[in-house]
file run_2.pdb (PDB, C-alpha atoms (C1' of nucleotides))
ATOM      1  CA  MET J   1      99.866  39.947 -83.682
ATOM      2  CA  ASN J   2      97.845  42.210 -85.964
ATOM      3  CA  ALA J   3      98.407  42.876 -89.649
ATOM      4  CA  ILE J   4     100.643  45.912 -89.229
ATOM      5  CA  ALA J   5     102.718  44.231 -86.543
ATOM      6  CA  LYS J   6     103.212  41.235 -88.826
ATOM      7  CA  LEU J   7     104.418  43.496 -91.641
ATOM      8  CA  LYS J   8     106.841  45.408 -89.401
ATOM      9  CA  ASN J   9     107.987  42.234 -87.770
ATOM     10  CA  ALA J  10     109.045  40.901 -91.165
ATOM     11  CA  SER J  11     110.574  44.340 -91.937
ATOM     12  CA  TYR J  12     108.191  45.348 -94.668
ATOM     13  CA  LYS J  13     107.035  48.933 -94.977
ATOM     14  CA  LEU J  14     103.482  50.003 -94.451
ATOM     15  CA  THR J  15     102.980  51.606 -97.839
ATOM     16  CA  ARG J  16      99.930  53.277 -99.323
ATOM     17  CA  PRO J  17      98.868  50.284-101.494
ATOM     18  CA  ARG J  18      99.278  47.885 -98.571
ATOM     19  CA  ARG J  19      97.260  50.115 -96.262
ATOM     20  CA  ILE J  20      94.466  50.581 -98.795
ATOM     21  CA  ILE J  21      94.152  46.872 -99.663
ATOM     22  CA  LEU J  22      94.322  45.796 -96.038
ATOM     23  CA  ASN J  23      91.675  48.325 -95.153
ATOM     24  CA  PHE J  24      89.484  47.220 -98.043
ATOM     25  CA  LEU J  25      89.741  43.505 -97.262
ATOM     26  CA  THR J  26      89.098  43.840 -93.543
ATOM     27  CA  LYS J  27      85.842  45.630 -94.321
ATOM     28  CA  GLN J  28      84.518  42.825 -96.558
ATOM     29  CA  ARG J  29      82.072  40.203 -95.344
ATOM     30  CA  THR J  30      82.865  37.742 -98.152
ATOM     31  CA  PRO J  31      86.089  36.825-100.003
ATOM     32  CA  LYS J  32      87.020  38.997-102.979
ATOM     33  CA  THR J  33      88.851  38.377-106.256
ATOM     34  CA  ILE J  34      91.834  40.374-107.529
ATOM     35  CA  SER J  35      89.646  42.358-109.889
ATOM     36  CA  GLU J  36      87.128  43.066-107.148
ATOM     37  CA  ILE J  37      89.969  44.349-104.994
ATOM     38  CA  TYR J  38      91.246  46.471-107.881
ATOM     39  CA  ALA J  39      87.793  47.900-108.579
ATOM     40  CA  GLY J  40      86.876  48.149-104.896
ATOM     41  CA  THR J  41      89.874  50.328-104.150
ATOM     42  CA  LYS J  42      88.747  52.657-106.942
ATOM     43  CA  ARG J  43      91.785  51.836-109.058
ATOM     44  CA  GLN J  44      93.972  53.865-106.771
ATOM     45  CA  ILE J  45      96.555  51.107-107.090
ATOM     46  CA  ASP J  46      98.124  49.727-110.247
ATOM     47  CA  GLN J  47      97.009  46.174-110.925
ATOM     48  CA  ALA J  48     100.549  44.830-110.886
ATOM     49  CA  SER J  49     100.825  46.199-107.360
ATOM     50  CA  VAL J  50      97.518  44.624-106.385
ATOM     51  CA  TYR J  51      98.944  41.252-107.387
ATOM     52  CA  ARG J  52     102.207  41.922-105.571
ATOM     53  CA  THR J  53     100.541  43.216-102.420
ATOM     54  CA  VAL J  54      98.043  40.384-102.159
ATOM     55  CA  GLU J  55     100.826  37.841-102.678
ATOM     56  CA  LEU J  56     102.917  39.430 -99.936
ATOM     57  CA  LEU J  57     100.076  39.741 -97.436
ATOM     58  CA  GLN J  58      99.200  36.133 -98.048
ATOM     59  CA  SER J  59     102.746  34.888 -97.583
ATOM     60  CA  LEU J  60     102.852  36.668 -94.213
ATOM     61  CA  GLY J  61      99.603  35.040 -93.102
ATOM     62  CA  ILE J  62      97.802  38.382 -92.996
ATOM     63  CA  ILE J  63      95.249  37.433 -95.621
ATOM     64  CA  TYR J  64      94.192  34.048 -97.006
ATOM     65  CA  ASP J  65      93.223  32.728-100.387
ATOM     66  CA  GLU J  66      90.524  30.347-101.413
ATOM     67  CA  TYR J  67      89.220  28.851-104.639
ATOM     68  CA  LEU J  68      85.472  28.772-104.728
ATOM     69  CA  LEU J  69      83.813  26.436-107.162
ATOM     70  CA  ASP J  70      83.164  29.098-109.742
ATOM     71  CA  ASP J  71      86.815  28.776-110.711
ATOM     72  CA  HIS J  72      88.027  32.057-109.316
ATOM     73  CA  ARG J  73      90.614  32.790-106.712
ATOM     74  CA  TYR J  74      89.371  34.823-103.770
ATOM     75  CA  TYR J  75      91.116  36.570-100.894
ATOM     76  CA  LEU J  76      89.896  37.290 -97.387
ATOM     77  CA  ALA J  77      91.334  38.991 -94.325
ATOM     78  CA  GLU J  78      89.573  36.971 -91.657
ATOM     79  CA  SER J  79      91.076  33.709 -90.570
ATOM     80  CA  PRO J  80      90.121  31.171 -93.193
ATOM     81  CA  HIS J  81      86.780  29.464 -92.906
ATOM     82  CA  HIS J  82      84.400  27.910 -95.414
ATOM     83  CA  HIS J  83      82.044  29.207 -98.052
ATOM     84  CA  ILE J  84      79.298  28.189-100.389
ATOM     85  CA  VAL J  85      78.865  29.949-103.717
ATOM     86  CA  CYS J  86      75.792  30.020-105.958
ATOM     87  CA  ARG J  87      76.554  28.523-109.361
ATOM     88  CA  HIS J  88      74.280  30.981-111.033
ATOM     89  CA  CYS J  89      74.532  34.403-109.390
ATOM     90  CA  HIS J  90      77.841  33.831-107.573
ATOM     91  CA  LYS J  91      76.382  34.870-104.224
ATOM     92  CA  ILE J  92      78.711  33.777-101.427
ATOM     93  CA  GLU J  93      77.815  32.761 -97.889
ATOM     94  CA  CYS J  94      79.852  31.621 -94.932
ATOM     95  CA  LEU J  95      79.322  28.076 -93.830
ATOM     96  CA  PRO J  96      79.813  26.560 -90.399
ATOM     97  CA  CYS J  97      81.557  23.326 -91.134
ATOM     98  CA  HIS J  98      83.607  20.601 -89.597
ATOM     99  CA  VAL J  99      86.317  18.700 -91.450
ATOM    100  CA  GLU J 100      87.907  15.516 -90.194
ATOM    101  CA  PHE J 101      90.819  13.661 -91.678
ATOM    102  CA  THR J 102      93.683  11.498 -90.568
ATOM    103  CA  PRO J 103      96.831  13.381 -91.516
ATOM    104  CA  PRO J 104      98.737  11.403 -94.148
ATOM    105  CA  LYS J 105     101.883   9.752 -92.769
ATOM    106  CA  ASP J 106     104.278  11.265 -95.273
ATOM    107  CA  PHE J 107     102.981  14.846 -95.304
ATOM    108  CA  THR J 108     102.999  17.732 -92.883
ATOM    109  CA  VAL J 109      99.621  19.370 -93.264
ATOM    110  CA  ILE J 110      99.895  23.137 -93.514
ATOM    111  CA  ALA J 111      96.475  24.208 -94.661
ATOM    112  CA  HIS J 112      93.178  22.973 -95.949
ATOM    113  CA  SER J 113      90.424  24.498 -97.979
ATOM    114  CA  LEU J 114      86.834  23.427 -98.352
ATOM    115  CA  SER J 115      84.273  24.994-100.607
ATOM    116  CA  LEU J 116      80.776  24.125-101.662
ATOM    117  CA  THR J 117      78.655  25.072-104.576
ATOM    118  CA  GLY J 118      74.926  24.997-105.135
ATOM    119  CA  LEU J 119      71.969  27.122-106.063
ATOM    120  CA  CYS J 120      70.603  29.800-103.807
ATOM    121  CA  THR J 121      66.847  30.138-103.292
ATOM    122  CA  SER J 122      66.427  33.007-105.706
ATOM    123  CA  CYS J 123      68.250  31.148-108.489
ATOM    124  CA  SER J 124      66.706  27.722-108.112
TER     125      SER J 124
ATOM    126  CA  MET T   1      76.225   4.786-117.116
ATOM    127  CA  ASN T   2      79.797   4.818-118.380
ATOM    128  CA  ALA T   3      81.593   7.689-120.100
ATOM    129  CA  ILE T   4      80.725   6.662-123.664
ATOM    130  CA  ALA T   5      77.079   6.039-122.785
ATOM    131  CA  LYS T   6      76.906   9.484-121.185
ATOM    132  CA  LEU T   7      78.297  11.074-124.344
ATOM    133  CA  LYS T   8      75.892   9.201-126.647
ATOM    134  CA  ASN T   9      73.019   9.820-124.309
ATOM    135  CA  ALA T  10      73.577  13.557-124.647
ATOM    136  CA  SER T  11      74.045  13.054-128.420
ATOM    137  CA  TYR T  12      77.684  13.959-128.593
ATOM    138  CA  LYS T  13      79.977  12.089-130.931
ATOM    139  CA  LEU T  14      82.792   9.895-129.749
ATOM    140  CA  THR T  15      85.578  11.682-131.568
ATOM    141  CA  ARG T  16      89.296  11.012-131.634
ATOM    142  CA  PRO T  17      90.239  13.825-129.180
ATOM    143  CA  ARG T  18      87.507  12.765-126.774
ATOM    144  CA  ARG T  19      88.595   9.155-126.895
ATOM    145  CA  ILE T  20      92.255   9.991-126.391
ATOM    146  CA  ILE T  21      91.682  12.360-123.458
ATOM    147  CA  LEU T  22      89.219  10.017-121.788
ATOM    148  CA  ASN T  23      91.650   7.172-122.167
ATOM    149  CA  PHE T  24      94.493   9.267-120.818
ATOM    150  CA  LEU T  25      92.578  10.492-117.775
ATOM    151  CA  THR T  26      91.191   7.124-116.780
ATOM    152  CA  LYS T  27      94.726   5.753-116.661
ATOM    153  CA  GLN T  28      95.947   8.431-114.227
ATOM    154  CA  ARG T  29      96.243   7.830-110.509
ATOM    155  CA  THR T  30      96.284  11.545-109.641
ATOM    156  CA  PRO T  31      94.508  14.605-111.092
ATOM    157  CA  LYS T  32      96.164  16.308-114.061
ATOM    158  CA  THR T  33      96.307  19.888-115.345
ATOM    159  CA  ILE T  34      95.397  20.994-118.881
ATOM    160  CA  SER T  35      99.033  21.217-119.868
ATOM    161  CA  GLU T  36      99.749  17.792-118.419
ATOM    162  CA  ILE T  37      96.860  16.415-120.466
ATOM    163  CA  TYR T  38      98.185  18.193-123.543
ATOM    164  CA  ALA T  39     101.703  16.873-123.012
ATOM    165  CA  GLY T  40     100.533  13.463-121.822
ATOM    166  CA  THR T  41      98.572  12.843-125.005
ATOM    167  CA  LYS T  42     101.772  13.606-126.930
ATOM    168  CA  ARG T  43     100.290  16.760-128.432
ATOM    169  CA  GLN T  44      98.096  14.689-130.685
ATOM    170  CA  ILE T  45      95.318  17.174-129.943
ATOM    171  CA  ASP T  46      95.320  20.938-130.421
ATOM    172  CA  GLN T  47      95.276  22.816-127.138
ATOM    173  CA  ALA T  48      92.037  24.611-127.993
ATOM    174  CA  SER T  49      90.462  21.185-128.374
ATOM    175  CA  VAL T  50      91.928  20.024-125.091
ATOM    176  CA  TYR T  51      90.182  22.935-123.383
ATOM    177  CA  ARG T  52      86.935  22.279-125.252
ATOM    178  CA  THR T  53      86.984  18.540-124.625
ATOM    179  CA  VAL T  54      87.752  18.816-120.939
ATOM    180  CA  GLU T  55      85.005  21.420-120.537
ATOM    181  CA  LEU T  56      82.488  19.163-122.277
ATOM    182  CA  LEU T  57      83.438  16.018-120.375
ATOM    183  CA  GLN T  58      83.164  17.945-117.157
ATOM    184  CA  SER T  59      79.771  19.390-117.970
ATOM    185  CA  LEU T  60      78.500  15.859-118.619
ATOM    186  CA  GLY T  61      79.817  14.613-115.286
ATOM    187  CA  ILE T  62      82.297  12.308-116.987
ATOM    188  CA  ILE T  63      85.336  13.982-115.483
ATOM    189  CA  TYR T  64      85.704  16.364-112.528
ATOM    190  CA  ASP T  65      87.801  19.381-111.783
ATOM    191  CA  GLU T  66      89.558  20.403-108.661
ATOM    192  CA  TYR T  67      91.755  23.272-107.526
ATOM    193  CA  LEU T  68      94.604  22.039-105.433
ATOM    194  CA  LEU T  69      96.347  24.455-103.124
ATOM    195  CA  ASP T  70      99.233  24.994-105.478
ATOM    196  CA  ASP T  71      96.946  27.294-107.488
ATOM    197  CA  HIS T  72      96.423  25.015-110.460
ATOM    198  CA  ARG T  73      93.270  23.535-111.887
ATOM    199  CA  TYR T  74      93.315  19.763-112.158
ATOM    200  CA  TYR T  75      91.054  17.213-113.819
ATOM    201  CA  LEU T  76      90.361  13.607-112.900
ATOM    202  CA  ALA T  77      88.196  10.835-114.306
ATOM    203  CA  GLU T  78      87.409   9.046-111.063
ATOM    204  CA  SER T  79      84.548  10.255-108.969
ATOM    205  CA  PRO T  80      85.814  13.231-107.020
ATOM    206  CA  HIS T  81      87.617  12.641-103.789
ATOM    207  CA  HIS T  82      90.253  14.556-101.829
ATOM    208  CA  HIS T  83      93.930  15.290-102.275
ATOM    209  CA  ILE T  84      96.930  16.744-100.587
ATOM    210  CA  VAL T  85      99.596  18.476-102.637
ATOM    211  CA  CYS T  86     103.175  19.224-101.640
ATOM    212  CA  ARG T  87     103.882  22.961-101.673
ATOM    213  CA  HIS T  88     107.372  22.367-102.863
ATOM    214  CA  CYS T  89     107.504  19.481-105.354
ATOM    215  CA  HIS T  90     103.773  19.361-106.241
ATOM    216  CA  LYS T  91     103.509  15.668-105.415
ATOM    217  CA  ILE T  92      99.868  14.698-105.054
ATOM    218  CA  GLU T  93      98.334  11.998-102.868
ATOM    219  CA  CYS T  94      94.793  10.836-102.333
ATOM    220  CA  LEU T  95      93.421  11.402 -98.877
ATOM    221  CA  PRO T  96      90.694   9.509 -97.075
ATOM    222  CA  CYS T  97      88.641  12.224 -95.503
ATOM    223  CA  HIS T  98      85.327  12.908 -93.917
ATOM    224  CA  VAL T  99      83.504  16.224 -94.263
ATOM    225  CA  GLU T 100      80.510  17.191 -92.161
ATOM    226  CA  PHE T 101      78.342  20.229 -92.527
ATOM    227  CA  THR T 102      74.768  21.285 -91.993
ATOM    228  CA  PRO T 103      73.451  22.272 -95.424
ATOM    229  CA  PRO T 104      72.676  25.991 -95.415
ATOM    230  CA  LYS T 105      68.931  26.752 -95.412
ATOM    231  CA  ASP T 106      68.928  28.929 -98.485
ATOM    232  CA  PHE T 107      71.143  26.806-100.741
ATOM    233  CA  THR T 108      70.831  23.506-102.513
ATOM    234  CA  VAL T 109      74.229  21.912-102.139
ATOM    235  CA  ILE T 110      75.462  20.431-105.382
ATOM    236  CA  ALA T 111      79.098  19.699-104.772
ATOM    237  CA  HIS T 112      81.899  20.181-102.346
ATOM    238  CA  SER T 113      85.634  20.299-102.697
ATOM    239  CA  LEU T 114      88.286  19.861-100.087
ATOM    240  CA  SER T 115      91.987  20.101-100.618
ATOM    241  CA  LEU T 116      95.000  20.156 -98.409
ATOM    242  CA  THR T 117      98.534  21.357 -98.774
ATOM    243  CA  GLY T 118     101.711  20.633 -96.888
ATOM    244  CA  LEU T 119     105.203  19.362 -97.295
ATOM    245  CA  CYS T 120     106.011  15.777 -98.180
ATOM    246  CA  THR T 121     108.765  13.934 -96.322
ATOM    247  CA  SER T 122     111.377  14.409 -99.022
ATOM    248  CA  CYS T 123     110.751  18.171 -99.188
ATOM    249  CA  SER T 124     110.590  18.956 -95.475
TER     250      SER T 124
ATOM    251  C1'  DT Z   1     115.275  67.134 -92.870
ATOM    252  C1'  DG Z   2     117.719  64.178 -95.866
ATOM    253  C1'  DC Z   3     119.337  59.587 -97.199
ATOM    254  C1'  DC Z   4     118.654  55.141 -99.164
ATOM    255  C1'  DA Z   5     116.779  50.732 -99.803
ATOM    256  C1'  DA Z   6     112.244  49.164-100.584
ATOM    257  C1'  DT Z   7     108.368  49.768-103.243
ATOM    258  C1'  DT Z   8     105.539  51.585-106.758
ATOM    259  C1'  DG Z   9     103.536  52.593-111.464
ATOM    260  C1'  DC Z  10     104.120  51.953-116.002
ATOM    261  C1'  DA Z  11     104.798  49.455-120.175
ATOM    262  C1'  DA Z  12     105.916  45.355-122.121
ATOM    263  C1'  DA Z  13     106.199  40.426-121.848
ATOM    264  C1'  DA Z  14     104.738  35.968-120.719
ATOM    265  C1'  DT Z  15     101.143  32.784-119.852
ATOM    266  C1'  DA Z  16      96.462  31.080-119.904
ATOM    267  C1'  DC Z  17      92.362  30.646-122.113
ATOM    268  C1'  DT Z  18      88.754  31.628-125.936
ATOM    269  C1'  DT Z  19      86.865  32.293-130.514
ATOM    270  C1'  DG Z  20      85.855  32.432-135.704
ATOM    271  C1'  DC Z  21      86.123  29.789-139.457
ATOM    272  C1'  DA Z  22      87.396  26.551-143.194
ATOM    273  C1'  DA Z  23      88.489  21.703-143.386
ATOM    274  C1'  DT Z  24      87.551  17.250-141.542
ATOM    275  C1'  DT Z  25      85.012  13.425-139.461
ATOM    276  C1'  DA Z  26      81.451  10.547-136.925
ATOM    277  C1'  DT Z  27      77.043   9.087-137.455
ATOM    278  C1'  DA Z  28      72.846   7.580-139.488
ATOM    279  C1'  DA Z  29      70.022   7.123-143.573
ATOM    280  C1'  DA Z  30      69.896   5.317-148.166
TER     281       DA Z  30
ATOM    282  C1'  DT U   1      78.701   0.078-148.044
ATOM    283  C1'  DT U   2      78.393   4.623-149.684
ATOM    284  C1'  DT U   3      76.746   9.237-149.069
ATOM    285  C1'  DA U   4      74.898  13.399-146.862
ATOM    286  C1'  DT U   5      75.225  16.372-143.180
ATOM    287  C1'  DA U   6      75.772  18.472-138.908
ATOM    288  C1'  DA U   7      79.078  18.314-135.311
ATOM    289  C1'  DT U   8      83.720  18.808-134.352
ATOM    290  C1'  DT U   9      88.385  19.765-135.121
ATOM    291  C1'  DG U  10      92.846  22.363-135.981
ATOM    292  C1'  DC U  11      94.647  26.498-136.878
ATOM    293  C1'  DA U  12      95.553  31.193-136.148
ATOM    294  C1'  DA U  13      94.302  35.160-134.142
ATOM    295  C1'  DG U  14      92.206  37.352-130.230
ATOM    296  C1'  DT U  15      91.292  38.417-125.321
ATOM    297  C1'  DA U  16      92.203  37.947-120.492
ATOM    298  C1'  DT U  17      95.152  37.279-116.729
ATOM    299  C1'  DT U  18      99.380  37.465-114.402
ATOM    300  C1'  DT U  19     104.381  38.605-114.206
ATOM    301  C1'  DT U  20     108.548  41.303-114.881
ATOM    302  C1'  DG U  21     112.194  45.028-115.740
ATOM    303  C1'  DC U  22     113.125  49.412-114.667
ATOM    304  C1'  DA U  23     113.050  54.416-113.690
ATOM    305  C1'  DA U  24     110.659  57.291-110.428
ATOM    306  C1'  DT U  25     108.853  57.662-105.851
ATOM    307  C1'  DT U  26     108.262  56.963-100.936
ATOM    308  C1'  DG U  27     108.434  55.261 -95.992
ATOM    309  C1'  DG U  28     111.263  54.874 -92.110
ATOM    310  C1'  DC U  29     115.342  55.853 -89.776
ATOM    311  C1'  DA U  30     119.605  58.552 -88.638
TER     312       DA U  30
END
call {"tool": "encode", "arguments": {"input": "run_2.pdb", "output": "structure tokens"}}
result
Amino acid sequence: MNAIAKLKNASYKLTRPRRIILNFLTKQRTPKTISEIYAGTKRQIDQASVYRTVELLQSLGIIYDEYLLDDHRYYLAESPHHHIVCRHCHKIECLPCHVEFTPPKDFTVIAHSLSLTGLCTSCS
Amino acid sequence: MNAIAKLKNASYKLTRPRRIILNFLTKQRTPKTISEIYAGTKRQIDQASVYRTVELLQSLGIIYDEYLLDDHRYYLAESPHHHIVCRHCHKIECLPCHVEFTPPKDFTVIAHSLSLTGLCTSCS
DNA sequence: TGCCAATTGCAAAATACTTGCAATTATAAA
DNA sequence: TTTATAATTGCAAGTATTTTGCAATTGGCA
């Protein structure tokens, strides 16, 4: 099911802000913060609505969030994978990665997030 | 090198707020947020100083920070490991876990962080 | 096309975090 | 042990980030 189908399926409208943010995020190669989304959509959308839209899209599993180790919350439209961020210039790269764990007995695991930090060649 | 040696070594003083926060964090079994540290030290320390102290201790590698998937920043005194947090009641548990990745060619990997979220038995 | 609930933009509020500065304190030298 | 001094603190104000109430607008359906 694609993004628009998921929205309709949950009986949400496809509004202008939702269309613009969805379109913006699907074009990005790396995860983006709220303020990058706000700036990247040329401030066509009020920031309160950016927060509300991103929250909704995330709750429907259309976009995903991630904390990278520079202490900011990022959003991405692709299915969640892993990233490394440069401590100095904040450059972000995708990272092929394998995580193994024995699910804890008294928890149902819903999601996991892995991020790495380091220095990229031009900063080190 | 223990916490106090690390402080002295970097020529920082062992002040009352630093001692209290260090003592508080080393007693905790699970990571704590700024406001939990503030409350847990019985507000003996101004909140600006809590922020400053935690930032300093972290920069010296005496404590560590972690974002759990309930969107809050946590601090812990033990060497960093992994946690799962309940989406509903925010209960936290430690998680034995193994992470494997091929270090990216153009990055020096400094640290990694893995966190999981789910529902604990009493919430599901 | 027109209706109506959902959604938006705006402004204000709440929360989270940072900073400048005078008063205080930990350390080391006397 | 006392004193000098630079580091550190608490306070209060400032900035940044996120949330909320509400009137105006809009998307989807009849």
call {"tool": "interface_residues", "arguments": {"input": "run_2.pdb", "of": "chain J", "to": "chain T", "cutoff": "8 Å", "atoms": "all atoms listed in the file", "output": "PyMOL selection string"}}
result
chain J and resi 67+69+86+95-102+104+106-121
call {"tool": "resolve_selection", "arguments": {"input": "run_2.pdb", "expression": "the PyMOL selection byres ((chain T) within 12 of (chain Z))", "output": "PyMOL selection string"}}
result
chain T and resi 8+11-17+34-35+47-52+55+72-73
call {"tool": "atom_distance", "arguments": {"input": "run_2.pdb", "atom1": "atom C1' of DA12 of chain U", "atom2": "atom CA of Leu56 of chain T"}}
result
22.5 Å
call {"tool": "atom_distance", "arguments": {"input": "run_2.pdb", "atom1": "atom CA of Tyr75 of chain J", "atom2": "atom CA of Leu57 of chain J"}}
result
10.1 Å
call {"tool": "interface_residues", "arguments": {"input": "run_2.pdb", "of": "chain U", "to": "chain J", "cutoff": "10 Å", "atoms": "all atoms listed in the file", "output": "VMD selection string"}}
result
chain U and resid 18 to 20 26 to 28
call {"tool": "atom_distance", "arguments": {"input": "run_2.pdb", "atom1": "atom CA of Met1 of chain J", "atom2": "atom CA of Val54 of chain J"}}
result
18.6 Å
call {"tool": "closest_residue", "arguments": {"input": "run_2.pdb", "among": "T:Lys91, T:Asp46, T:Arg19, T:His81", "to": "DC11 of chain U", "atoms": "only C-alpha atoms (C1' of nucleotides)"}}
result
T:Asp46
call {"tool": "build_atoms", "arguments": {"input": "run_2.pdb", "residues": "segment 16-41 of chain T", "atoms": "N, CA and C atoms", "output": "PDB file, in the frame of the given file"}}
result
ATOM      1  N   ARG T  16      87.933  11.392-131.970  1.00  0.00           N
ATOM      2  CA  ARG T  16      89.296  11.012-131.634  1.00  0.00           C
ATOM      3  C   ARG T  16      89.819  11.766-130.398  1.00  0.00           C
ATOM      4  N   PRO T  17      89.744  13.122-130.372  1.00  0.00           N
ATOM      5  CA  PRO T  17      90.239  13.825-129.180  1.00  0.00           C
ATOM      6  C   PRO T  17      89.540  13.379-127.901  1.00  0.00           C
ATOM      7  N   ARG T  18      88.243  13.172-127.973  1.00  0.00           N
ATOM      8  CA  ARG T  18      87.507  12.765-126.774  1.00  0.00           C
ATOM      9  C   ARG T  18      87.963  11.397-126.302  1.00  0.00           C
ATOM     10  N   ARG T  19      88.157  10.496-127.242  1.00  0.00           N
ATOM     11  CA  ARG T  19      88.595   9.155-126.895  1.00  0.00           C
ATOM     12  C   ARG T  19      89.987   9.168-126.270  1.00  0.00           C
ATOM     13  N   ILE T  20      90.877   9.942-126.881  1.00  0.00           N
ATOM     14  CA  ILE T  20      92.255   9.991-126.391  1.00  0.00           C
ATOM     15  C   ILE T  20      92.332  10.594-124.974  1.00  0.00           C
ATOM     16  N   ILE T  21      91.622  11.700-124.768  1.00  0.00           N
ATOM     17  CA  ILE T  21      91.682  12.360-123.458  1.00  0.00           C
ATOM     18  C   ILE T  21      91.032  11.498-122.376  1.00  0.00           C
ATOM     19  N   LEU T  22      89.910  10.908-122.718  1.00  0.00           N
ATOM     20  CA  LEU T  22      89.219  10.017-121.788  1.00  0.00           C
ATOM     21  C   LEU T  22      90.127   8.860-121.396  1.00  0.00           C
ATOM     22  N   ASN T  23      90.741   8.276-122.398  1.00  0.00           N
ATOM     23  CA  ASN T  23      91.650   7.172-122.167  1.00  0.00           C
ATOM     24  C   ASN T  23      92.837   7.589-121.310  1.00  0.00           C
ATOM     25  N   PHE T  24      93.373   8.770-121.609  1.00  0.00           N
ATOM     26  CA  PHE T  24      94.493   9.267-120.818  1.00  0.00           C
ATOM     27  C   PHE T  24      94.085   9.472-119.359  1.00  0.00           C
ATOM     28  N   LEU T  25      92.972  10.159-119.149  1.00  0.00           N
ATOM     29  CA  LEU T  25      92.578  10.492-117.775  1.00  0.00           C
ATOM     30  C   LEU T  25      92.200   9.266-116.949  1.00  0.00           C
ATOM     31  N   THR T  26      91.573   8.295-117.577  1.00  0.00           N
ATOM     32  CA  THR T  26      91.191   7.124-116.780  1.00  0.00           C
ATOM     33  C   THR T  26      92.399   6.300-116.360  1.00  0.00           C
ATOM     34  N   LYS T  27      93.524   6.485-117.047  1.00  0.00           N
ATOM     35  CA  LYS T  27      94.726   5.753-116.661  1.00  0.00           C
ATOM     36  C   LYS T  27      95.491   6.412-115.515  1.00  0.00           C
ATOM     37  N   GLN T  28      95.162   7.692-115.211  1.00  0.00           N
ATOM     38  CA  GLN T  28      95.947   8.431-114.227  1.00  0.00           C
ATOM     39  C   GLN T  28      95.538   8.119-112.789  1.00  0.00           C
ATOM     40  N   ARG T  29      96.521   8.058-111.919  1.00  0.00           N
ATOM     41  CA  ARG T  29      96.243   7.830-110.509  1.00  0.00           C
ATOM     42  C   ARG T  29      95.951   9.140-109.771  1.00  0.00           C
ATOM     43  N   THR T  30      96.501  10.250-110.292  1.00  0.00           N
ATOM     44  CA  THR T  30      96.284  11.545-109.641  1.00  0.00           C
ATOM     45  C   THR T  30      95.723  12.533-110.657  1.00  0.00           C
ATOM     46  N   PRO T  31      95.076  13.605-110.187  1.00  0.00           N
ATOM     47  CA  PRO T  31      94.508  14.605-111.092  1.00  0.00           C
ATOM     48  C   PRO T  31      95.586  15.263-111.955  1.00  0.00           C
ATOM     49  N   LYS T  32      95.208  15.706-113.133  1.00  0.00           N
ATOM     50  CA  LYS T  32      96.164  16.308-114.061  1.00  0.00           C
ATOM     51  C   LYS T  32      95.681  17.680-114.534  1.00  0.00           C
ATOM     52  N   THR T  33      96.644  18.565-114.815  1.00  0.00           N
ATOM     53  CA  THR T  33      96.307  19.888-115.345  1.00  0.00           C
ATOM     54  C   THR T  33      96.107  19.818-116.864  1.00  0.00           C
ATOM     55  N   ILE T  34      95.562  20.904-117.430  1.00  0.00           N
ATOM     56  CA  ILE T  34      95.397  20.994-118.881  1.00  0.00           C
ATOM     57  C   ILE T  34      96.721  20.732-119.594  1.00  0.00           C
ATOM     58  N   SER T  35      97.783  21.367-119.126  1.00  0.00           N
ATOM     59  CA  SER T  35      99.033  21.217-119.868  1.00  0.00           C
ATOM     60  C   SER T  35      99.615  19.817-119.695  1.00  0.00           C
ATOM     61  N   GLU T  36      99.326  19.182-118.573  1.00  0.00           N
ATOM     62  CA  GLU T  36      99.749  17.792-118.419  1.00  0.00           C
ATOM     63  C   GLU T  36      98.949  16.885-119.351  1.00  0.00           C
ATOM     64  N   ILE T  37      97.682  17.205-119.542  1.00  0.00           N
ATOM     65  CA  ILE T  37      96.860  16.415-120.466  1.00  0.00           C
ATOM     66  C   ILE T  37      97.378  16.608-121.892  1.00  0.00           C
ATOM     67  N   TYR T  38      97.660  17.861-122.227  1.00  0.00           N
ATOM     68  CA  TYR T  38      98.185  18.193-123.543  1.00  0.00           C
ATOM     69  C   TYR T  38      99.497  17.457-123.807  1.00  0.00           C
ATOM     70  N   ALA T  39     100.411  17.542-122.868  1.00  0.00           N
ATOM     71  CA  ALA T  39     101.703  16.873-123.012  1.00  0.00           C
ATOM     72  C   ALA T  39     101.544  15.351-122.950  1.00  0.00           C
ATOM     73  N   GLY T  40     100.689  14.893-122.051  1.00  0.00           N
ATOM     74  CA  GLY T  40     100.533  13.463-121.822  1.00  0.00           C
ATOM     75  C   GLY T  40      99.863  12.728-122.969  1.00  0.00           C
ATOM     76  N   THR T  41      99.168  13.459-123.824  1.00  0.00           N
ATOM     77  CA  THR T  41      98.572  12.843-125.005  1.00  0.00           C
ATOM     78  C   THR T  41      99.480  13.082-126.214  1.00  0.00           C
TER      79      THR T  41
END
